[in-house]
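Have a look at the structure below before the remarks.
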Amino acid sequence: MRKPFAITLIPGSSLANLTGTWRTSRPVYLDRLPPCNNACPAGENIQGWLFHAESGDYEAAWRELVKDNPLPAVMGRVCYHPCESSCNRKQIDAPVGINSVERFLGDEAIKRGWQFDAPAAATGKRVLVVGAGPSGLSAAYHLARMGHTVEIHEAGPFAGGMMRFGIPKYRLPREVLDAEVQRIVNLGVTIRLNSKVDNILDTMKQGHFDATFLAVGAHIGKRTNIHAGAAAKIVDAVSVLRSMEGEEKPMLGRRVVVYGGGNTAIDVARTAKRLGASEAIIVYRRTREKMPAHDLEVEEALQEGIMIKWLSTIKRVDDEGKLTVEKMELDDKGMPQPTGEFETLESDSLVLALGQDVDLSLLEGVPGLEVNDGTVQVSPNMMTGYPGIFAGGDMVPSERTVTVAVGHGKKAARHIDAWLRGAVYQPAAKHELADFKNLNTWYYSDAPKTVRPMLDVIRRQSSFDEVQGGLDETNALFEARRCLSCGNCFECDNCYGVCPDNAVIKLGAGKRYEFNYDYCKGCGICVTECPSGSIKMVPEDI
Amino acid sequence: MSYQPVKFYQTGTFTVGNRLLAPVERSVQQSERRSNSINSGHRACQGCGEALGARYAIDAAMAASNGQLIAANATGCLEVFSTPYPESSWQVPWIHSLFGNTPAVATGIAAAMKVKGRKEVRVVAQGGDGGTADIGFGCLSGMFERNDDVLYICYDNQGYMNTGVQRSSATPPAARTATTMPVGPEPGNVFGQGKNLPEIAMAHGIPYVATATVADLRDLEYKVKRAMNVHGARYLHIFVPCPLGWGSQSNDTIRLARLAKETGLFPVFEARHGEVTGVLKIRRKQAVEEYLKPQRRFAHLFGNDPHTEVIARIQAIADRNIRKYNLLDEEG
């Protein structure tokens, strides 16, 4: 070759120089577990469905969501959203309004008539689900999607369980519940209403069921030892809330006293107010900090004029409804102790909201079943001591919320499916947690949380209209886009851009990136500048 | 008007790319089809800010000129690590000149293109702060004064790093260099005026002068594009941290550039015909210590007996910049 003047070597490209050999540690892409997903009792892939919602593809978001939870419109109203409490964004401004976006997606699905994907090929296996509450519906849904034939036997006149007979309308409008139940029925799940199971083994045998999921809930109001006159009006909270679904609304009078400190106590006091009580007073033996009710609901109740007597127990009720209340004080262990100081309180009725027990009569004669403290014991795979009978929801030891129940249903369904195939379900290993310190928050836009509209207090005190409003499309989209996508690549191209050595290969939309280790010098800029913490450095073997 | 960031798209335009932006709003760097003007295999140190800044700037200039670009390059790190004979990383027509005459070489190329009627071909000249502020300063001033149709880009890493970390007239006060320490007990560079190249360029009244950092790609690309839309002499001063010369972690390059801007030590602005027309506001103001501490060249200021009075003087420089360029929002 003829070379130019004074040139003795053929010019070439620097690509011949593989600078990857300089590296002592290498960047690798990984998915970390976002704290919201980690906290969700229903095991939702929240970051995953928010990703679709961010681009305005609400149907894809909804489909990702219902892979885990068939009741998003319900969940977007009644869930106490532990996801938001653990959201990393709270360390920047305020948590992402996950619950409100979930509700928006649920409502959008109802509005647009989206249906579930068709079930897998039929397996020929028959599963009985006892109880059409959140846990039973969730299990039935998941089992049906896996191709099993599912029949729900429900003792009550409607499906929904505590979502209908426990949660008041102002928190969960019934048409929303009906729409989400109907969608599960449309999937092919049979629901037999007014069909109480008296003996589980007989029902299984008669119906040729291969497995059973028990989810009868906890519907029996607990009583306590109160000296009461014969004419005193004492009712339990579960019965009051249940009768709200019937023709005859409960007669509680002008002055209603509620005894207890859980969410049910709050629900029943707010219901009494809406039924026309001029005074609704909650008597609770400890303090607000110790109260098991969710603080947001306590706050809403106080706004509506519900009064709460802290550190008080009810000793006696006479025939005229006069209550004798003893003041308590907390000891150093935080337990209430009597002080011997008494006062009286006028009331037309006393509602006991002291917790609920499980009706276990259908389990009589089942061998191997273990009942402890009024709840059915299950192993980590949700199976009772009797092979093929699984249980979940309020009837097993757990936190009694709709979300936990839905999670039980999903978990049980996976184990039932494996058990029916003679296998053992092995959940995938959890990724390491995406901690706040893994994020580079510089890159996120400043965007404070969108506040959901609340119903005017006057209308809240007098009607059962829904208290909390929803988001519309523009602010739901805004809220979804506040997600930091912790620990999961959202294809912001930062690694591709910031590499001084062009050693990141962009694979195209939806396919993420790859490192070109031939040229990556291991400087680690991509790791430091990744907003979501989806890259980490690992030492090279040298 | 300065560059307007897009907000509320999860990351808005803070990141390099964003799947939610319309194609016209996307950056040059996010594209799989960017020209990669300086290719892999170059011999820059791990985490080199200059290699990154050069790709950002020249890719943007290539995009703005539809690939019709010629680059002249002064001696310095950028030339040495990219083009050791007979290899080159450059994927644009590129010419190496002496340390001191790059503006003159670029002027000559622009004149040649004009004579040949090649109006579409644009010319950039580039060099480090040594080649620009010290050695090539006379040629640069001449290029400005004649208003030659060249975009001059200075990659400022605050010293002669290629020659073993030597002081330049852009080395900041109190920064320690390896080979040019002042006489006396203090190892840091003396306090003094130095040369503020962007302001000197502005004093020539040329059509466009701007500063940028490798920490804000969208602002940098905006400024290159803006400069390419103008004819005449233009000057772009890009702040590029140097892990080797500054004694910083290789992964901190962008973080340090961001801190330089957020502390106010490096004001990011643009100017037309000698008048400042826009500044990039400080988003999360930081004290200068945050910027100084990760760099070993300032380590002598800290330790058991911190030189608080020296740190206060550096803070005063930052505060003066903030006041002078109005870098903080009113409510900030």
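Following the order of the structure tokens, first chain is A, next is B, and so on, with residues numbered from 1 inside each chain and ligands from 1 in the order they appear.
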Specify as a ChimeraX atom specification all residues of chain B found within 7 Å of chain A, counting only C-alpha atoms. /B:7-12,14-20,29-30,32,39-42,46-48,51-52,86-89,250-252
Which polymer residues have any atom within 7 Å of an atom of Val129 of chain A, counting only C-alpha atoms, with same-chain residues fewer than 6 positions away left out, as an MDAnalysis selection string? chainID A and resid 136 140 151:153 212:214
So that I can check the surroundings of segment 288-301 of chain B, please list as a VMD selection string every protein, DNA and RNA residue that reaches within 10 Å of it, counting only C-alpha atoms and ignoring chain neighbours fewer than 2 positions away. chain B and resid 173 to 178 186 to 189 242 to 249 252 255 to 265 285 to 286 303 to 312 314 to 319
Please write the residues from the selection above to a file, keeping C-alpha atoms, as a PDB file, in the first residue's frame.
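Dumped everything to out09.pdb:
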```pdb
ATOM      1  CA  PRO B 173      -7.294  28.689  44.319  1.00  0.00           C
ATOM      2  CA  ALA B 174      -6.212  26.196  47.024  1.00  0.00           C
ATOM      3  CA  ALA B 175      -6.174  23.257  44.597  1.00  0.00           C
ATOM      4  CA  ARG B 176      -3.018  21.218  44.967  1.00  0.00           C
ATOM      5  CA  THR B 177      -1.175  20.275  41.797  1.00  0.00           C
ATOM      6  CA  ALA B 178       1.494  17.599  41.527  1.00  0.00           C
ATOM      7  CA  GLU B 186       0.789  25.767  51.749  1.00  0.00           C
ATOM      8  CA  PRO B 187       0.576  23.187  48.948  1.00  0.00           C
ATOM      9  CA  GLY B 188      -2.556  24.695  47.355  1.00  0.00           C
ATOM     10  CA  ASN B 189      -2.636  27.086  44.413  1.00  0.00           C
ATOM     11  CA  CYS B 242     -10.654  14.829  36.095  1.00  0.00           C
ATOM     12  CA  PRO B 243     -10.467  11.867  38.543  1.00  0.00           C
ATOM     13  CA  LEU B 244      -6.702  11.582  38.135  1.00  0.00           C
ATOM     14  CA  GLY B 245      -5.795  15.237  38.568  1.00  0.00           C
ATOM     15  CA  TRP B 246      -8.374  16.005  41.209  1.00  0.00           C
ATOM     16  CA  GLY B 247      -7.908  12.836  43.231  1.00  0.00           C
ATOM     17  CA  SER B 248     -11.574  11.923  43.054  1.00  0.00           C
ATOM     18  CA  GLN B 249     -13.332   8.611  42.649  1.00  0.00           C
ATOM     19  CA  ASP B 252     -17.914  10.723  41.038  1.00  0.00           C
ATOM     20  CA  ARG B 255     -21.540  14.212  40.766  1.00  0.00           C
ATOM     21  CA  LEU B 256     -18.628  16.641  41.122  1.00  0.00           C
ATOM     22  CA  ALA B 257     -19.641  18.561  38.006  1.00  0.00           C
ATOM     23  CA  ARG B 258     -23.139  18.830  39.452  1.00  0.00           C
ATOM     24  CA  LEU B 259     -21.770  20.021  42.788  1.00  0.00           C
ATOM     25  CA  ALA B 260     -19.616  22.641  41.064  1.00  0.00           C
ATOM     26  CA  LYS B 261     -22.778  24.065  39.549  1.00  0.00           C
ATOM     27  CA  GLU B 262     -24.978  23.636  42.643  1.00  0.00           C
ATOM     28  CA  THR B 263     -22.464  25.336  44.947  1.00  0.00           C
ATOM     29  CA  GLY B 264     -22.167  28.283  42.562  1.00  0.00           C
ATOM     30  CA  LEU B 265     -18.430  27.715  41.995  1.00  0.00           C
ATOM     31  CA  LYS B 285     -27.915  24.700  46.915  1.00  0.00           C
ATOM     32  CA  GLN B 286     -24.891  23.142  48.623  1.00  0.00           C
ATOM     33  CA  GLY B 303      -8.408  16.857  58.406  1.00  0.00           C
ATOM     34  CA  ASN B 304      -7.863  17.501  62.104  1.00  0.00           C
ATOM     35  CA  ASP B 305      -7.066  21.173  61.660  1.00  0.00           C
ATOM     36  CA  PRO B 306      -9.371  22.406  58.880  1.00  0.00           C
ATOM     37  CA  HIS B 307      -8.392  25.626  57.130  1.00  0.00           C
ATOM     38  CA  THR B 308     -11.730  27.303  57.774  1.00  0.00           C
ATOM     39  CA  GLU B 309     -10.529  30.695  56.569  1.00  0.00           C
ATOM     40  CA  VAL B 310      -9.467  29.222  53.201  1.00  0.00           C
ATOM     41  CA  ILE B 311     -12.771  27.366  52.874  1.00  0.00           C
ATOM     42  CA  ALA B 312     -14.572  30.616  53.707  1.00  0.00           C
ATOM     43  CA  ILE B 314     -13.759  29.663  48.457  1.00  0.00           C
ATOM     44  CA  GLN B 315     -17.331  29.995  49.725  1.00  0.00           C
ATOM     45  CA  ALA B 316     -17.059  33.723  49.093  1.00  0.00           C
ATOM     46  CA  ILE B 317     -16.152  33.014  45.444  1.00  0.00           C
ATOM     47  CA  ALA B 318     -19.269  30.848  45.133  1.00  0.00           C
ATOM     48  CA  ASP B 319     -21.440  33.483  46.822  1.00  0.00           C
TER      49      ASP B 319
END
```
Please report the interatomic distance between atom CA of Ile184 of chain A and atom CA of Glu44 of chain A in Å with one decimal.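 Distance between the two atoms: 18.0 Å.
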Which residues in segment 383-489 of chain A does DSSP call alpha helix (DSSP H)? List them as a tab-separated table (two decimals) with N, CA and C atoms, in the first residue's frame.
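out-v9.tsv was written with the following content:
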```tsv
chain	number	residue	atom	x	y	z
A	402	VAL	N	-58.76	-6.58	54.34
A	402	VAL	CA	-59.14	-7.10	53.02
A	402	VAL	C	-57.89	-7.47	52.23
A	403	THR	N	-56.87	-6.64	52.33
A	403	THR	CA	-55.66	-6.86	51.52
A	403	THR	C	-54.94	-8.14	51.94
A	404	VAL	N	-54.84	-8.35	53.25
A	404	VAL	CA	-54.21	-9.58	53.73
A	404	VAL	C	-55.02	-10.78	53.24
A	405	ALA	N	-56.35	-10.66	53.29
A	405	ALA	CA	-57.22	-11.76	52.86
A	405	ALA	C	-57.00	-12.08	51.38
A	406	VAL	N	-56.91	-11.04	50.56
A	406	VAL	CA	-56.67	-11.25	49.12
A	406	VAL	C	-55.33	-11.95	48.92
A	407	GLY	N	-54.33	-11.53	49.69
A	407	GLY	CA	-53.01	-12.16	49.61
A	407	GLY	C	-53.07	-13.63	50.00
A	408	HIS	N	-53.82	-13.94	51.06
A	408	HIS	CA	-54.00	-15.34	51.46
A	408	HIS	C	-54.59	-16.15	50.33
A	409	GLY	N	-55.60	-15.57	49.68
A	409	GLY	CA	-56.28	-16.28	48.59
A	409	GLY	C	-55.32	-16.63	47.48
A	410	LYS	N	-54.46	-15.66	47.12
A	410	LYS	CA	-53.50	-15.90	46.04
A	410	LYS	C	-52.49	-16.98	46.43
A	411	LYS	N	-51.97	-16.82	47.65
A	411	LYS	CA	-50.95	-17.76	48.13
A	411	LYS	C	-51.53	-19.17	48.20
A	412	ALA	N	-52.73	-19.27	48.77
A	412	ALA	CA	-53.36	-20.58	48.90
A	412	ALA	C	-53.59	-21.18	47.52
A	413	ALA	N	-54.04	-20.35	46.56
A	413	ALA	CA	-54.33	-20.86	45.22
A	413	ALA	C	-53.07	-21.48	44.60
A	414	ARG	N	-51.93	-20.85	44.80
A	414	ARG	CA	-50.69	-21.37	44.22
A	414	ARG	C	-50.32	-22.71	44.86
A	415	HIS	N	-50.53	-22.80	46.18
A	415	HIS	CA	-50.20	-24.06	46.86
A	415	HIS	C	-51.21	-25.15	46.52
A	416	ILE	N	-52.48	-24.75	46.39
A	416	ILE	CA	-53.51	-25.74	46.04
A	416	ILE	C	-53.21	-26.29	44.65
A	417	ASP	N	-52.87	-25.39	43.73
A	417	ASP	CA	-52.55	-25.80	42.36
A	417	ASP	C	-51.40	-26.80	42.35
A	418	ALA	N	-50.35	-26.50	43.11
A	418	ALA	CA	-49.20	-27.41	43.17
A	418	ALA	C	-49.61	-28.73	43.81
A	419	TRP	N	-50.39	-28.64	44.88
A	419	TRP	CA	-50.80	-29.84	45.61
A	419	TRP	C	-51.63	-30.75	44.71
A	420	LEU	N	-52.48	-30.12	43.88
A	420	LEU	CA	-53.33	-30.91	42.97
A	420	LEU	C	-52.49	-31.62	41.93
A	457	VAL	N	-67.96	17.86	54.92
A	457	VAL	CA	-68.26	17.22	56.21
A	457	VAL	C	-69.77	17.14	56.47
A	458	ILE	N	-70.51	18.18	56.11
A	458	ILE	CA	-71.96	18.15	56.36
A	458	ILE	C	-72.61	16.97	55.65
A	459	ARG	N	-72.20	16.73	54.39
A	459	ARG	CA	-72.78	15.60	53.67
A	459	ARG	C	-72.28	14.28	54.22
A	460	ARG	N	-71.08	14.28	54.77
A	460	ARG	CA	-70.56	13.05	55.36
A	460	ARG	C	-71.36	12.67	56.61
A	461	GLN	N	-71.84	13.69	57.33
A	461	GLN	CA	-72.56	13.39	58.58
A	461	GLN	C	-73.99	12.94	58.31
A	462	SER	N	-74.50	13.19	57.12
A	462	SER	CA	-75.91	12.93	56.90
A	462	SER	C	-76.19	11.93	55.79
A	473	GLU	N	-58.11	11.45	35.02
A	473	GLU	CA	-56.99	10.90	34.28
A	473	GLU	C	-55.73	11.74	34.41
A	474	THR	N	-55.87	13.07	34.34
A	474	THR	CA	-54.64	13.88	34.36
A	474	THR	C	-53.90	13.73	35.67
A	475	ASN	N	-54.61	13.78	36.80
A	475	ASN	CA	-53.84	13.69	38.04
A	475	ASN	C	-53.45	12.26	38.41
A	476	ALA	N	-54.18	11.27	37.89
A	476	ALA	CA	-53.75	9.88	38.11
A	476	ALA	C	-52.44	9.63	37.37
A	477	LEU	N	-52.35	10.19	36.17
A	477	LEU	CA	-51.13	10.04	35.37
A	477	LEU	C	-49.96	10.74	36.06
A	478	PHE	N	-50.22	11.93	36.55
A	478	PHE	CA	-49.21	12.69	37.28
A	478	PHE	C	-48.73	11.88	38.48
A	479	GLU	N	-49.69	11.31	39.20
A	479	GLU	CA	-49.34	10.57	40.40
A	479	GLU	C	-48.51	9.33	40.06
A	480	ALA	N	-48.92	8.63	39.01
A	480	ALA	CA	-48.17	7.44	38.59
A	480	ALA	C	-46.74	7.81	38.23
```
